[in-house]
Amino acid sequence: MKNRTTKTLRILAAGILAIPAIACAGPVAVMSGKDKVPIEKCKESCISGSIGIDVVSMYISHGVVYENQSAIIQPYGSLSFQLQEGEGALNGVSLDIGWWNSFHSRHTDAGAVSGGAQTTRAWFETDFSIGLTVAFLKNFSFSPTYTFYLSPNDAFETAQTLSFKLSYDDTDLLGALALHPWVNVWWEVENKIGTGSDEGFLYEFGIAPSRAFGDFEVSLPISAGFGSSGGYTNAAGGDETYGYFTAGVNLTYALKCIPECYGDWSLHAGYSYFNLGDGTRDYNTAATGGSVRDGSSSEHVFSGGLTVEF
């Protein structure tokens with residue numbers, strides 16, 4: 001009995017240890033007489049996601065410059081749960097959860113809200129988001145998302161936004177020249193992500209054409225941001241419609257040397273040019289008296305990082 005139990009445990013252990021190999025190898029074959037019968041590949045997972053880290057020369061968001069000195073590191077992660085998938089007008093629904101951070105070695109604005117010493121002075125921001133992505137009519141997607149913006153080092157007060165993003169995949173229409181246009185509307189539910197003192201609305205429009213060259217992909221993201229009802233304001237407190245314009249180039253290299261069972265790994269590098277409106281320029285100047293945010297109407301951002309998708 002002991003020998004039989006030991007043998008059974010060995011078989012179970014071997015089977016468990018073989019699971020990763022089977023998952024990585026895809027379809028396998030078993031003997032059925034003299035013929036090998038392929039086993040059907042496991043169903044694709046309903047859970048996908050990504051983790052990554054970026055290093056940037058400047059942290060600028062919605063035209064607002066938060067840091068442009070020393071080291072800026074931004075790790076992030078996301079999970080997507082497929083809730084529905086179909087072939088009709090409604091092609092799919094997923095639940096999306098995201099986490100994003102920004103660490104600054106210079107500690108700019110640390111303790112600005114509390115006025116005290118901080119034990120997490122380098123941890124400038126951490127954001128949590130939850131939303132849905134609804135794919136419809138084959139090429140469209142709509143993503144309502146609620147986001148919390150927190151500052152572990154008390155650089156700013158907690159903010160909350162509700163955003164609505166509409167995207168269109170025009171690959172069927174334009175092929176390799178597809179622009180992938182999108183529009184996003186942000187409602188500042190509590191506190192600010194734009195400039196000024198009152199909650200308002202931000203509107204962003206963009207395109208992201210891209211082209212693959214072997215293991216490389218080149219993309220040319222272009223977007224512009226506008227505001228209303230206090231989304232962007234100037235130094236005198238008046239509303240500003242124009243917030244910013246940005247255009248850049250991103251280069252992504254797929255690390256095909258890493259086995260697929262560990263996810264899709266890639267390295268990326270990019271450059272972005274920003275033109276800032278009067279409201280964002282005035283805000284960036286007044287925020288620290290021009291010592292860190294120099295109040296320029298033009299900014300240049302360089303970035304690089306690593307992403308793993310699964």
# chains A, B, ... in the order shown; residues from 1 in each chain; ligands from 1
$ select_by_dssp --residues "region 61-294 of chain A" --states "strand (DSSP E)" --output "PyMOL selection string"
chain A and resi 61+64-67+72-85+90-104+123-136+140-150+159-168+182-190+201-207+210-213+216-219+222-228+242-254+264-276
$ closest_residue --among "A:Leu251, A:Val134, A:Ile51, A:Ala112" --to "Glu85 (chain A)" --atoms "only C-alpha atoms"
A:Val134
$ residues_around --residues "Tyr273 (chain A)" --least-positions-apart "4" --cutoff "12 Å" --atoms "only C-alpha atoms" --output "ChimeraX atom specification"
/A:58,60,63,220-224,244-250,297-303
$ atom_distance --atom1 "CA of Gln84 (chain A)" --atom2 "CA of Glu204 (chain A)"
28.3 Å
$ closest_residue --among "A:Phe156, A:Phe81, A:Phe201, A:Tyr149" --to "Gly131 (chain A)" --atoms "only C-alpha atoms"
A:Phe81
$ residues_around --residues "region 47-50 of chain A" --least-positions-apart "5" --cutoff "8 Å" --atoms "only C-alpha atoms" --output "compact mmCIF listing (two decimals) with N, CA and C atoms, in the first residue's frame"
# COMPACT_ATOMS: atom_id res chain seq x y z
N GLY A 77 0.47 49.03 -13.40
CA GLY A 77 -0.06 47.71 -13.67
C GLY A 77 -1.55 47.80 -13.96
N SER A 78 -2.08 46.78 -14.65
CA SER A 78 -3.50 46.77 -14.99
C SER A 78 -3.98 45.34 -15.14
N LEU A 79 -5.28 45.14 -14.91
CA LEU A 79 -5.94 43.86 -15.13
C LEU A 79 -7.24 44.10 -15.87
N SER A 80 -7.56 43.20 -16.78
CA SER A 80 -8.80 43.29 -17.54
C SER A 80 -9.51 41.95 -17.48
N PHE A 81 -10.78 41.95 -17.08
CA PHE A 81 -11.58 40.74 -16.95
C PHE A 81 -12.66 40.74 -18.04
N GLN A 82 -12.58 39.78 -18.95
CA GLN A 82 -13.55 39.69 -20.03
C GLN A 82 -14.89 39.21 -19.48
N THR A 307 7.69 46.93 -20.57
CA THR A 307 6.31 46.52 -20.38
C THR A 307 6.19 45.01 -20.57
N VAL A 308 5.39 44.38 -19.71
CA VAL A 308 5.08 42.95 -19.86
C VAL A 308 3.56 42.82 -19.94
N GLU A 309 3.09 42.23 -21.03
CA GLU A 309 1.66 42.01 -21.22
C GLU A 309 1.36 40.52 -21.16
N PHE A 310 0.21 40.20 -20.58
CA PHE A 310 -0.14 38.77 -20.45
C PHE A 310 -1.65 38.60 -20.62
$ residues_around --residues "Glu188 (chain A)" --least-positions-apart "6" --cutoff "9 Å" --atoms "only C-alpha atoms" --output "NGL selection string"
:A and (159-163 or 194 or 198-202 or 231)
$ closest_residue --among "A:Val189, A:Ala122, A:Leu150, A:Ala208" --to "Asp170 (chain A)" --atoms "only C-alpha atoms"
A:Ala208
$ residues_around --residues "Phe216 (chain A)" --least-positions-apart "4" --cutoff "6 Å" --atoms "only C-alpha atoms" --output "list in words"
Ala212, Thr252 and Tyr253 of chain A
$ residues_around --residues "Gly304 (chain A)" --least-positions-apart "4" --cutoff "12 Å" --atoms "only C-alpha atoms" --output "PyMOL selection string"
chain A and resi 52-58+72-75+249-253+266-272
$ write_last_selection --atoms "C-alpha atoms" --output "short mmCIF file (atom, residue, chain, number, x, y, z; two decimals), in the first residue's frame"
data_model
loop_
_atom_site.label_atom_id
_atom_site.label_comp_id
_atom_site.auth_asym_id
_atom_site.auth_seq_id
_atom_site.Cartn_x
_atom_site.Cartn_y
_atom_site.Cartn_z
CA GLY A 52 5.64 47.98 -16.50
CA ILE A 53 7.90 50.81 -15.50
CA ASP A 54 8.80 54.09 -17.20
CA VAL A 55 11.63 56.54 -16.62
CA VAL A 56 10.82 60.06 -17.83
CA SER A 57 12.67 63.36 -18.00
CA MET A 58 9.56 65.31 -16.97
CA ILE A 72 11.32 60.34 -12.16
CA ILE A 73 10.21 56.68 -12.12
CA GLN A 74 6.65 55.59 -12.93
CA PRO A 75 5.65 51.94 -12.35
CA VAL A 249 7.35 59.48 -31.60
CA ASN A 250 7.53 56.17 -29.74
CA LEU A 251 9.69 53.17 -30.62
CA THR A 252 8.82 49.72 -29.22
CA TYR A 253 11.00 46.62 -29.50
CA SER A 266 8.90 44.83 -24.84
CA LEU A 267 11.23 47.80 -24.45
CA HIS A 268 10.15 51.27 -25.48
CA ALA A 269 11.59 54.75 -25.85
CA GLY A 270 9.94 58.00 -26.84
CA TYR A 271 10.03 61.74 -27.26
CA SER A 272 7.12 64.20 -26.91
#
$ closest_residue --among "A:Arg121, A:Lys138, A:His62, A:Arg106" --to "Ala89 (chain A)" --atoms "only C-alpha atoms"
A:Lys138
$ closest_residue --among "A:Glu217, A:Thr195, A:Ser61, A:Gly227" --to "Asp282 (chain A)" --atoms "only C-alpha atoms"
A:Thr195
$ atom_distance --atom1 "CA of Ser102 (chain A)" --atom2 "CA of Asp278 (chain A)"
25.8 Å
